[in-house]
$ cat start.cif   # mmCIF, C-alpha atoms
data_work
#
loop_
_atom_site.group_PDB
_atom_site.id
_atom_site.type_symbol
_atom_site.label_atom_id
_atom_site.label_comp_id
_atom_site.auth_asym_id
_atom_site.auth_seq_id
_atom_site.Cartn_x
_atom_site.Cartn_y
_atom_site.Cartn_z
ATOM 1 C CA MET A 6 24.970 61.042 -39.836
ATOM 2 C CA ASN A 7 23.851 64.627 -40.358
ATOM 3 C CA ILE A 8 20.500 65.615 -41.911
ATOM 4 C CA GLN A 9 19.285 69.050 -42.946
ATOM 5 C CA VAL A 10 16.238 70.457 -44.720
ATOM 6 C CA LEU A 11 17.400 72.924 -47.367
ATOM 7 C CA SER A 12 15.417 75.329 -49.501
ATOM 8 C CA LEU A 13 16.115 75.434 -53.232
ATOM 9 C CA GLU A 14 18.091 78.655 -52.816
ATOM 10 C CA ASN A 15 20.215 77.246 -49.985
ATOM 11 C CA SER A 16 20.823 74.060 -51.953
ATOM 12 C CA ARG A 17 22.139 76.043 -54.903
ATOM 13 C CA ASN A 18 24.401 78.105 -52.626
ATOM 14 C CA SER A 19 25.796 75.258 -50.495
ATOM 15 C CA ALA A 20 29.536 74.764 -50.878
ATOM 16 C CA ASP A 21 29.094 71.028 -50.172
ATOM 17 C CA ILE A 22 26.972 70.523 -53.289
ATOM 18 C CA PRO A 23 28.948 70.256 -56.554
ATOM 19 C CA ASP A 24 28.084 72.377 -59.579
ATOM 20 C CA SER A 25 26.968 69.335 -61.580
ATOM 21 C CA VAL A 26 24.264 68.667 -58.950
ATOM 22 C CA ARG A 27 23.176 72.276 -58.444
ATOM 23 C CA ALA A 28 22.392 72.617 -62.134
ATOM 24 C CA GLY A 29 19.613 70.019 -61.916
ATOM 25 C CA LEU A 30 17.888 71.253 -58.749
ATOM 26 C CA LYS A 31 14.283 72.417 -59.113
ATOM 27 C CA GLU A 32 12.248 71.251 -56.080
ATOM 28 C CA GLN A 33 11.337 73.765 -53.368
ATOM 29 C CA THR A 34 12.927 71.823 -50.485
ATOM 30 C CA TYR A 35 15.460 69.014 -50.181
ATOM 31 C CA LEU A 36 16.654 66.581 -47.528
ATOM 32 C CA PHE A 37 20.438 66.831 -47.398
ATOM 33 C CA MET A 38 22.152 63.890 -45.681
ATOM 34 C CA GLN A 39 25.808 63.368 -44.843
ATOM 35 C CA VAL A 40 27.047 59.939 -43.808
ATOM 36 C CA PHE A 41 30.668 59.676 -42.721
ATOM 37 C CA ASP A 42 33.113 57.260 -41.143
ATOM 38 C CA THR A 43 36.665 57.223 -39.823
ATOM 39 C CA GLY A 44 37.956 54.413 -42.028
ATOM 40 C CA ILE A 45 40.840 54.297 -44.483
ATOM 41 C CA GLY A 46 39.046 56.372 -47.116
ATOM 42 C CA PHE A 47 39.731 56.196 -50.844
ATOM 43 C CA THR A 48 41.823 58.037 -53.399
ATOM 44 C CA LYS A 49 40.764 60.998 -55.547
ATOM 45 C CA GLU A 50 40.805 58.755 -58.599
ATOM 46 C CA GLU A 51 38.380 56.330 -56.924
ATOM 47 C CA GLU A 52 35.732 59.028 -56.387
ATOM 48 C CA ASN A 53 34.595 58.432 -59.973
ATOM 49 C CA LYS A 54 34.807 54.647 -59.703
ATOM 50 C CA ILE A 55 33.177 53.647 -56.416
ATOM 51 C CA PHE A 56 29.671 53.865 -57.885
ATOM 52 C CA ASP A 57 30.580 51.611 -60.816
ATOM 53 C CA PRO A 58 29.051 48.112 -60.620
ATOM 54 C CA PHE A 59 31.359 45.459 -59.138
ATOM 55 C CA TYR A 60 34.103 47.976 -58.310
ATOM 56 C CA GLN A 61 36.036 47.115 -55.139
ATOM 57 C CA SER A 62 38.802 49.230 -53.663
ATOM 58 C CA HIS A 63 42.278 47.749 -53.684
ATOM 59 C CA GLU A 64 42.810 49.430 -50.300
ATOM 60 C CA ASP A 65 40.118 47.330 -48.546
ATOM 61 C CA MET A 66 41.657 45.926 -45.384
ATOM 62 C CA HIS A 67 38.514 44.196 -44.049
ATOM 63 C CA GLN A 68 38.581 40.599 -45.217
ATOM 64 C CA GLU A 69 36.103 39.021 -42.775
ATOM 65 C CA ILE A 70 33.062 39.860 -44.907
ATOM 66 C CA SER A 71 33.534 40.012 -48.645
ATOM 67 C CA GLY A 72 31.510 42.533 -50.583
ATOM 68 C CA THR A 73 29.984 42.260 -54.013
ATOM 69 C CA GLY A 74 30.944 45.669 -55.356
ATOM 70 C CA ILE A 75 27.358 46.506 -56.369
ATOM 71 C CA GLY A 76 26.053 48.078 -53.141
ATOM 72 C CA LEU A 77 26.923 51.688 -53.975
ATOM 73 C CA ASN A 78 25.808 51.231 -57.568
ATOM 74 C CA LEU A 79 22.446 49.901 -56.398
ATOM 75 C CA THR A 80 22.143 52.737 -53.864
ATOM 76 C CA GLN A 81 22.824 55.279 -56.584
ATOM 77 C CA SER A 82 20.172 53.684 -58.822
ATOM 78 C CA ILE A 83 17.511 53.853 -56.102
ATOM 79 C CA ILE A 84 18.338 57.460 -55.237
ATOM 80 C CA THR A 85 18.295 58.434 -58.922
ATOM 81 C CA GLN A 86 14.853 56.831 -59.297
ATOM 82 C CA HIS A 87 13.654 59.231 -56.584
ATOM 83 C CA GLN A 88 15.118 62.243 -58.446
ATOM 84 C CA GLY A 89 17.947 62.470 -55.941
ATOM 85 C CA TYR A 90 21.717 62.689 -56.042
ATOM 86 C CA ILE A 91 24.586 60.933 -54.277
ATOM 87 C CA TRP A 92 28.296 61.728 -54.318
ATOM 88 C CA ALA A 93 31.333 61.134 -52.131
ATOM 89 C CA LYS A 94 34.492 62.786 -50.878
ATOM 90 C CA SER A 95 37.364 61.334 -48.906
ATOM 91 C CA ILE A 96 40.524 62.208 -47.040
ATOM 92 C CA GLN A 97 42.636 59.108 -47.538
ATOM 93 C CA GLY A 98 43.651 57.511 -44.274
ATOM 94 C CA LYS A 99 41.208 59.649 -42.285
ATOM 95 C CA GLU A 100 37.560 59.544 -43.399
ATOM 96 C CA SER A 101 34.993 59.129 -46.144
ATOM 97 C CA ARG A 102 31.864 61.242 -46.561
ATOM 98 C CA PHE A 103 28.820 60.354 -48.633
ATOM 99 C CA PHE A 104 26.329 63.075 -49.518
ATOM 100 C CA ILE A 105 22.688 62.402 -50.446
ATOM 101 C CA LEU A 106 20.233 65.021 -51.686
ATOM 102 C CA LEU A 107 16.565 63.993 -52.013
ATOM 103 C CA PRO A 108 13.452 66.030 -52.839
ATOM 104 C CA ASN A 109 11.388 66.506 -49.696
ATOM 105 C CA SER A 110 8.320 65.118 -51.453
ATOM 106 C CA GLU A 111 6.635 63.650 -48.353
ATOM 107 C CA THR A 112 5.473 67.003 -47.027
ATOM 108 C CA GLN A 113 6.351 69.630 -49.660
ATOM 109 C CA PRO A 114 6.019 72.438 -47.078
ATOM 110 C CA THR A 115 5.773 76.050 -48.033
ATOM 111 C CA GLU A 116 8.744 78.311 -47.402
ATOM 112 C CA ASN A 117 7.114 79.637 -44.198
ATOM 113 C CA GLN A 118 6.454 76.113 -42.874
ATOM 114 C CA THR A 119 10.040 75.137 -43.515
ATOM 115 C CA GLN A 120 11.324 78.159 -41.628
ATOM 116 C CA GLU A 121 8.898 77.700 -38.724
ATOM 117 C CA ASN A 122 9.536 74.043 -37.930
ATOM 118 C CA PRO A 123 11.880 72.161 -40.245
ATOM 119 C CA ALA A 124 12.842 69.706 -37.476
ATOM 120 C CA ASN A 125 9.303 68.299 -37.232
ATOM 121 C CA ASP A 126 9.121 67.755 -40.993
ATOM 122 C CA LYS A 127 12.466 65.988 -40.917
ATOM 123 C CA THR A 128 11.551 63.743 -37.965
ATOM 124 C CA GLU A 129 8.179 62.781 -39.441
ATOM 125 C CA TRP A 130 9.734 61.889 -42.778
ATOM 126 C CA LEU A 131 12.511 59.823 -41.181
ATOM 127 C CA ASN A 132 10.156 57.918 -38.853
ATOM 128 C CA SER A 133 7.816 57.096 -41.723
ATOM 129 C CA PHE A 134 10.668 55.989 -43.953
ATOM 130 C CA HIS A 135 12.247 53.880 -41.216
ATOM 131 C CA SER A 136 9.042 52.050 -40.236
ATOM 132 C CA LEU A 137 8.131 51.239 -43.831
ATOM 133 C CA ASN A 138 11.560 49.782 -44.522
ATOM 134 C CA LYS A 139 12.156 47.797 -41.318
ATOM 135 C CA GLN A 140 12.886 44.156 -42.080
ATOM 136 C CA THR A 141 11.758 41.289 -39.849
ATOM 137 C CA VAL A 142 14.183 38.872 -38.200
ATOM 138 C CA LEU A 143 13.001 35.663 -36.510
ATOM 139 C CA LEU A 144 15.322 34.661 -33.643
ATOM 140 C CA VAL A 145 15.204 31.006 -32.535
ATOM 141 C CA ASP A 146 16.985 29.807 -29.375
ATOM 142 C CA ASP A 147 15.973 27.885 -26.256
ATOM 143 C CA ASN A 148 18.255 30.119 -24.177
ATOM 144 C CA LEU A 149 16.107 33.123 -23.259
ATOM 145 C CA ASP A 150 19.146 35.185 -22.232
ATOM 146 C CA ILE A 151 20.612 34.822 -25.724
ATOM 147 C CA LEU A 152 17.261 35.707 -27.288
ATOM 148 C CA ASP A 153 17.047 38.852 -25.181
ATOM 149 C CA TYR A 154 20.675 39.733 -25.917
ATOM 150 C CA LEU A 155 20.214 39.426 -29.673
ATOM 151 C CA GLU A 156 16.923 41.304 -29.569
ATOM 152 C CA LYS A 157 18.528 44.146 -27.635
ATOM 153 C CA HIS A 158 21.186 44.625 -30.297
ATOM 154 C CA LEU A 159 18.932 44.154 -33.346
ATOM 155 C CA GLN A 160 15.609 45.759 -32.405
ATOM 156 C CA GLU A 161 16.617 49.276 -33.388
ATOM 157 C CA GLU A 162 17.166 48.247 -37.004
ATOM 158 C CA TYR A 163 14.766 45.321 -37.376
ATOM 159 C CA THR A 164 11.359 44.076 -36.276
ATOM 160 C CA ILE A 165 12.098 41.109 -33.998
ATOM 161 C CA VAL A 166 10.055 37.908 -33.586
ATOM 162 C CA LYS A 167 11.256 35.239 -31.119
ATOM 163 C CA ALA A 168 10.805 31.474 -30.855
ATOM 164 C CA VAL A 169 12.232 28.997 -28.319
ATOM 165 C CA ASN A 170 12.734 25.976 -30.631
ATOM 166 C CA GLY A 171 12.183 24.779 -34.194
ATOM 167 C CA LYS A 172 8.537 23.790 -33.706
ATOM 168 C CA ASP A 173 7.765 27.137 -32.125
ATOM 169 C CA ALA A 174 9.483 28.844 -35.057
ATOM 170 C CA LEU A 175 7.335 26.987 -37.605
ATOM 171 C CA GLU A 176 4.233 28.156 -35.740
ATOM 172 C CA LYS A 177 5.532 31.733 -35.884
ATOM 173 C CA LEU A 178 6.057 31.357 -39.651
ATOM 174 C CA LYS A 179 2.336 30.667 -40.047
ATOM 175 C CA GLU A 180 1.628 34.130 -38.624
ATOM 176 C CA ASN A 181 4.354 36.166 -40.294
ATOM 177 C CA LEU A 182 7.067 35.488 -42.878
ATOM 178 C CA PRO A 183 10.346 37.103 -41.814
ATOM 179 C CA ASP A 184 13.133 38.411 -44.022
ATOM 180 C CA LEU A 185 15.720 36.357 -42.114
ATOM 181 C CA ILE A 186 15.864 33.508 -39.597
ATOM 182 C CA VAL A 187 18.681 33.263 -37.040
ATOM 183 C CA SER A 188 18.569 29.914 -35.247
ATOM 184 C CA ASP A 189 20.592 28.030 -32.664
ATOM 185 C CA ILE A 190 21.346 24.391 -33.556
ATOM 186 C CA LEU A 191 21.078 22.571 -30.229
ATOM 187 C CA MET A 192 17.444 22.917 -29.096
ATOM 188 C CA PRO A 193 14.762 20.531 -27.743
ATOM 189 C CA GLN A 194 11.779 19.246 -29.785
ATOM 190 C CA MET A 195 13.200 20.444 -33.123
ATOM 191 C CA ASN A 196 16.811 21.554 -33.502
ATOM 192 C CA GLY A 197 18.186 24.171 -35.851
ATOM 193 C CA LEU A 198 19.330 21.705 -38.522
ATOM 194 C CA GLU A 199 15.865 20.137 -38.708
ATOM 195 C CA LEU A 200 14.291 23.586 -38.829
ATOM 196 C CA CYS A 201 16.617 24.691 -41.622
ATOM 197 C CA LYS A 202 15.949 21.525 -43.657
ATOM 198 C CA THR A 203 12.191 21.979 -43.218
ATOM 199 C CA ILE A 204 12.364 25.589 -44.391
ATOM 200 C CA LYS A 205 14.633 24.930 -47.361
ATOM 201 C CA THR A 206 12.477 22.036 -48.646
ATOM 202 C CA ASP A 207 9.227 24.005 -48.404
ATOM 203 C CA PRO A 208 8.560 25.900 -51.689
ATOM 204 C CA HIS A 209 6.706 28.603 -49.749
ATOM 205 C CA LEU A 210 9.582 29.205 -47.314
ATOM 206 C CA CYS A 211 12.797 28.160 -49.082
ATOM 207 C CA TYR A 212 13.669 31.709 -50.194
ATOM 208 C CA ILE A 213 14.063 32.891 -46.565
ATOM 209 C CA PRO A 214 17.774 33.040 -45.632
ATOM 210 C CA VAL A 215 18.858 31.125 -42.520
ATOM 211 C CA ILE A 216 21.852 31.802 -40.270
ATOM 212 C CA LEU A 217 22.739 28.970 -37.878
ATOM 213 C CA LEU A 218 24.328 29.515 -34.444
ATOM 214 C CA THR A 219 26.142 26.916 -32.374
ATOM 215 C CA ALA A 220 28.716 26.628 -29.605
ATOM 216 C CA GLN A 221 30.322 23.731 -31.459
ATOM 217 C CA SER A 222 33.036 24.800 -33.885
ATOM 218 C CA MET A 223 33.711 21.338 -35.305
ATOM 219 C CA ILE A 224 33.991 21.130 -39.079
ATOM 220 C CA SER A 225 31.434 18.300 -39.118
ATOM 221 C CA GLN A 226 28.861 20.600 -37.500
ATOM 222 C CA MET A 227 29.507 23.253 -40.130
ATOM 223 C CA GLN A 228 29.203 20.670 -42.889
ATOM 224 C CA GLU A 229 25.826 19.592 -41.504
ATOM 225 C CA GLY A 230 24.711 23.236 -41.417
ATOM 226 C CA TYR A 231 25.654 23.909 -45.006
ATOM 227 C CA ALA A 232 24.231 20.530 -46.074
ATOM 228 C CA ALA A 233 20.929 21.790 -44.667
ATOM 229 C CA GLU A 234 21.363 24.746 -47.083
ATOM 230 C CA ALA A 235 22.014 27.315 -44.374
ATOM 231 C CA ASP A 236 23.020 30.685 -45.809
ATOM 232 C CA ASP A 237 25.598 31.420 -43.107
ATOM 233 C CA TYR A 238 27.071 29.833 -40.001
ATOM 234 C CA ILE A 239 28.280 31.599 -36.833
ATOM 235 C CA THR A 240 29.921 29.939 -33.830
ATOM 236 C CA LYS A 241 29.328 31.087 -30.250
ATOM 237 C CA PRO A 242 30.738 33.082 -28.568
ATOM 238 C CA PHE A 243 30.750 35.738 -31.281
ATOM 239 C CA ASP A 244 31.518 39.431 -31.514
ATOM 240 C CA ILE A 245 28.177 41.276 -31.673
ATOM 241 C CA THR A 246 29.492 43.847 -34.130
ATOM 242 C CA LEU A 247 30.589 41.108 -36.508
ATOM 243 C CA PHE A 248 27.294 39.273 -35.945
ATOM 244 C CA LYS A 249 25.280 42.372 -36.866
ATOM 245 C CA ALA A 250 27.439 42.844 -39.943
ATOM 246 C CA ARG A 251 26.770 39.255 -41.032
ATOM 247 C CA VAL A 252 23.018 39.728 -40.517
ATOM 248 C CA LYS A 253 23.101 42.948 -42.507
ATOM 249 C CA ASN A 254 25.152 41.322 -45.234
ATOM 250 C CA VAL A 255 22.749 38.397 -45.692
ATOM 251 C CA LEU A 256 19.707 40.696 -45.738
ATOM 252 C CA SER A 257 21.416 43.112 -48.102
ATOM 253 C CA MET A 258 22.223 40.336 -50.554
ATOM 254 C CA ARG A 259 18.624 39.130 -50.437
ATOM 255 C CA GLU A 260 17.329 42.616 -51.253
ATOM 256 C CA LYS A 261 19.820 43.020 -54.078
ATOM 257 C CA MET A 262 18.713 39.748 -55.611
ATOM 258 C CA LYS A 263 15.068 40.783 -55.329
ATOM 259 C CA THR A 264 15.743 44.207 -56.858
ATOM 260 C CA VAL A 265 18.131 43.208 -59.608
ATOM 261 C CA TYR A 266 16.767 39.799 -60.561
ATOM 262 C CA GLY A 267 13.177 39.730 -59.304
ATOM 263 C CA ASP A 268 11.471 40.489 -62.620
ATOM 264 C CA SER A 269 14.076 38.852 -64.836
ATOM 265 C CA PHE A 270 13.638 35.471 -63.183
ATOM 266 C CA SER A 271 9.839 35.336 -63.189
ATOM 267 C CA LEU A 272 8.335 32.334 -64.966
ATOM 268 C CA LYS A 273 6.691 34.588 -67.522
ATOM 269 C CA ASN A 274 9.925 36.382 -68.471
ATOM 270 C CA LEU A 275 11.750 33.052 -68.751
ATOM 271 C CA GLY A 276 9.172 31.871 -71.282
ATOM 272 C CA ILE A 277 7.608 29.278 -68.982
ATOM 273 C CA GLU A 278 3.836 29.151 -68.847
ATOM 274 C CA GLN A 279 1.733 27.681 -66.094
ATOM 275 C CA ALA A 280 0.527 24.155 -66.797
ATOM 276 C CA ASP A 281 -3.153 25.080 -66.753
ATOM 277 C CA GLU A 282 -2.521 27.835 -69.295
ATOM 278 C CA LYS A 283 -0.934 25.631 -71.952
ATOM 279 C CA ALA A 284 -0.808 21.914 -71.306
ATOM 280 C CA TYR A 285 -4.464 21.711 -70.374
ATOM 281 C CA SER A 286 -5.877 24.273 -72.812
#

$ encode --input "start.cif" --output "structure tokens"
Amino acid sequence: MNIQVLSLENSRNSADIPDSVRAGLKEQTYLFMQVFDTGIGFTKEEENKIFDPFYQSHEDMHQEISGTGIGLNLTQSIITQHQGYIWAKSIQGKESRFFILLPNSETQPTENQTQENPANDKTEWLNSFHSLNKQTVLLVDDNLDILDYLEKHLQEEYTIVKAVNGKDALEKLKENLPDLIVSDILMPQMNGLELCKTIKTDPHLCYIPVILLTAQSMISQMQEGYAAEADDYITKPFDITLFKARVKNVLSMREKMKTVYGDSFSLKNLGIEQADEKAYS
């Protein structure tokens, strides 16, 4: 990932910024971000399609985690709401590059300030943005080594809370409601299945997604996990990269549902009134 602070003049003169974007630029400074990978890329024709809702590339070779096809469309909507721009370029079979241009509205420095210390402005903005958007993950396992291992690999992206069994986890939930719970199944006092059932039957907690972990790969164990309404199921040992992808996928889906359907599915918008407003009036 590459990030630069560009003045309006530099933004209009940058060869990386297409003419259609330059025409709408008017802020004094912009944050210009480039995110790239070394994957299979996409075709020239797909450049105009990848931001369409539900579009999925026919060249996708990664079948372990299925996508929804609305991630880039949702990203584009959020960036547009902040008066920004996003576009992509690709060399098929080599890499893909995504470009994001956002008004530097957090500081709005003068031209002299930007020239004197643009790095500080960039770092301050990124740290503020990152801390405000960090999601919380509650890790539950009686094996402290596993807890530490998972925390080590997740703490950079998420705020981590730890519990050593189901009862401990319920106590932690009284203090702070996480965005996701990752729990082992075999634990003393209260196991992961009991914890999941308790969470999913509590109207104040049931919306929190739960991923269950276990060393047992038997189908019956998986059936019990899904019967407890677990959102995902991972068997140990697992590849940490795949584990992190599954965590990210579950959290991403939860945020999409909140963003896309949050208002639409409120009781008021569905035409349902509270009992004390109608039945007892």

$ closest_residue --input "start.cif" --among "A:Val255, A:Asp244, A:Val169, A:Pro23" --to "Asp150 (chain A)" --atoms "only C-alpha atoms"
A:Val169

$ closest_residue --input "start.cif" --among "A:Leu210, A:Ile84, A:Ile22, A:Ala93" --to "Thr48 (chain A)" --atoms "only C-alpha atoms"
A:Ala93

$ closest_residue --input "start.cif" --among "A:Met195, A:Val166, A:Ile216, A:Thr206" --to "Lys249 (chain A)" --atoms "all atoms listed in the file"
A:Ile216

$ resolve_selection --input "start.cif" --expression "the PyMOL selection byres ((chain A and resi 170-173) around 7)" --output "JSON, numbers by chain"
{"A": [145, 146, 147, 168, 169, 174, 175, 176, 177, 192, 193, 194, 195, 196, 197, 200]}

$ closest_residue --input "start.cif" --among "A:Asn53, A:Thr203, A:Ser25, A:Gln33" --to "Tyr90 (chain A)" --atoms "all atoms listed in the file"
A:Ser25

$ atom_distance --input "start.cif" --atom1 "CA of Met38 (chain A)" --atom2 "CA of Ser12 (chain A)"
13.8 Å

$ atom_distance --input "start.cif" --atom1 "CA of Leu218 (chain A)" --atom2 "CA of Ser188 (chain A)"
5.8 Å

$ residues_around --input "start.cif" --residues "Gly29 (chain A)" --least-positions-apart "5" --cutoff "10 Å" --atoms "all atoms listed in the file" --output "PyMOL selection string"
chain A and resi 17+24+88-90

$ closest_residue --input "start.cif" --among "A:Ala233, A:Leu155, A:Ile8, A:Leu178" --to "Cys201 (chain A)" --atoms "all atoms listed in the file"
A:Ala233

$ residues_around --input "start.cif" --residues "Ile245 (chain A)" --least-positions-apart "3" --cutoff "10 Å" --atoms "only C-alpha atoms" --output "list in words"
Tyr154, Leu155, His158, Leu159, Pro242, Phe248, Lys249, Ala250 and Arg251 of chain A

$ closest_residue --input "start.cif" --among "A:Lys167, A:Lys139, A:His209, A:Lys99" --to "Asp42 (chain A)" --atoms "all atoms listed in the file"
A:Lys99

$ atom_distance --input "start.cif" --atom1 "CA of Leu106 (chain A)" --atom2 "CA of Thr246 (chain A)"
29.0 Å

$ resolve_selection --input "start.cif" --expression "the PyMOL selection byres ((chain A and resi 253) around 12)" --output "ChimeraX atom specification"
/A:70,72,140-142,159,162-163,184-185,187,214,216,237,246-252,254-260

$ axis_aligned_box --input "start.cif" --around "region 260-265 of chain A" --padding-each-side "3 Å" --output "JSON"
{"center_x": 17.4, "center_y": 42.0, "center_z": -55.4, "size_x": 10.8, "size_y": 10.5, "size_z": 14.4}

$ resolve_selection --input "start.cif" --expression "the PyMOL selection byres ((chain A and resi 43) around 12)" --output "number ranges by chain"
A: 40-42, 44-47, 95-102

$ write_last_selection --input "start.cif" --atoms "C-alpha atoms" --output "PDB file, keeping the file's coordinate frame"
ATOM      1  CA  VAL A  40      27.047  59.939 -43.808  1.00  0.00           C
ATOM      2  CA  PHE A  41      30.668  59.676 -42.721  1.00  0.00           C
ATOM      3  CA  ASP A  42      33.113  57.260 -41.143  1.00  0.00           C
ATOM      4  CA  GLY A  44      37.956  54.413 -42.028  1.00  0.00           C
ATOM      5  CA  ILE A  45      40.840  54.297 -44.483  1.00  0.00           C
ATOM      6  CA  GLY A  46      39.046  56.372 -47.116  1.00  0.00           C
ATOM      7  CA  PHE A  47      39.731  56.196 -50.844  1.00  0.00           C
ATOM      8  CA  SER A  95      37.364  61.334 -48.906  1.00  0.00           C
ATOM      9  CA  ILE A  96      40.524  62.208 -47.040  1.00  0.00           C
ATOM     10  CA  GLN A  97      42.636  59.108 -47.538  1.00  0.00           C
ATOM     11  CA  GLY A  98      43.651  57.511 -44.274  1.00  0.00           C
ATOM     12  CA  LYS A  99      41.208  59.649 -42.285  1.00  0.00           C
ATOM     13  CA  GLU A 100      37.560  59.544 -43.399  1.00  0.00           C
ATOM     14  CA  SER A 101      34.993  59.129 -46.144  1.00  0.00           C
ATOM     15  CA  ARG A 102      31.864  61.242 -46.561  1.00  0.00           C
TER      16      ARG A 102
END

$ decode --input "start.cif" --residues "region 138-194 of chain A" --atoms "C-alpha atoms" --output "short mmCIF file (atom, residue, chain, number, x, y, z; two decimals), in the first residue's frame"
data_model
loop_
_atom_site.label_atom_id
_atom_site.label_comp_id
_atom_site.auth_asym_id
_atom_site.auth_seq_id
_atom_site.Cartn_x
_atom_site.Cartn_y
_atom_site.Cartn_z
CA ASN A 138 -12.65 1.88 12.84
CA LYS A 139 -11.03 -0.96 14.81
CA GLN A 140 -13.50 -3.74 15.49
CA THR A 141 -13.50 -5.82 18.68
CA VAL A 142 -13.01 -9.59 18.69
CA LEU A 143 -13.64 -11.69 21.81
CA LEU A 144 -11.40 -14.79 21.88
CA VAL A 145 -12.54 -17.68 24.11
CA ASP A 146 -10.28 -20.68 24.81
CA ASP A 147 -9.01 -22.45 27.92
CA ASN A 148 -5.64 -22.96 26.22
CA LEU A 149 -3.67 -19.80 26.97
CA ASP A 150 -1.10 -20.56 24.26
CA ILE A 151 -3.84 -20.58 21.62
CA LEU A 152 -5.29 -17.35 23.02
CA ASP A 153 -1.89 -15.68 22.82
CA TYR A 154 -1.28 -17.06 19.32
CA LEU A 155 -4.59 -15.76 17.99
CA GLU A 156 -4.13 -12.41 19.72
CA LYS A 157 -0.67 -12.03 18.19
CA HIS A 158 -2.05 -12.46 14.68
CA LEU A 159 -5.22 -10.39 15.12
CA GLN A 160 -4.24 -7.49 17.39
CA GLU A 161 -2.90 -5.30 14.61
CA GLU A 162 -6.29 -5.17 12.90
CA TYR A 163 -8.68 -5.64 15.82
CA THR A 164 -9.14 -4.77 19.48
CA ILE A 165 -8.78 -8.09 21.32
CA VAL A 166 -10.61 -9.23 24.47
CA LYS A 167 -9.84 -12.69 25.92
CA ALA A 168 -11.79 -15.17 28.05
CA VAL A 169 -10.81 -18.65 29.27
CA ASN A 170 -14.25 -20.35 29.10
CA GLY A 171 -17.91 -19.68 28.33
CA LYS A 172 -18.78 -18.28 31.76
CA ASP A 173 -15.81 -15.94 31.64
CA ALA A 174 -16.91 -14.83 28.17
CA LEU A 175 -20.42 -13.97 29.39
CA GLU A 176 -18.88 -11.83 32.13
CA LYS A 177 -16.77 -10.05 29.50
CA LEU A 178 -19.93 -9.39 27.45
CA LYS A 179 -21.37 -7.44 30.38
CA GLU A 180 -18.45 -5.01 30.09
CA ASN A 181 -18.14 -4.71 26.32
CA LEU A 182 -20.07 -6.02 23.31
CA PRO A 183 -17.67 -7.26 20.63
CA ASP A 184 -18.19 -7.34 16.88
CA LEU A 185 -17.26 -11.03 16.74
CA ILE A 186 -16.76 -13.98 19.10
CA VAL A 187 -14.26 -16.75 18.31
CA SER A 188 -14.67 -19.65 20.73
CA ASP A 189 -13.21 -23.10 21.27
CA ILE A 190 -15.79 -25.86 21.86
CA LEU A 191 -14.15 -28.08 24.47
CA MET A 192 -13.76 -25.95 27.62
CA PRO A 193 -14.50 -26.43 31.35
CA GLN A 194 -17.46 -24.81 33.19
#
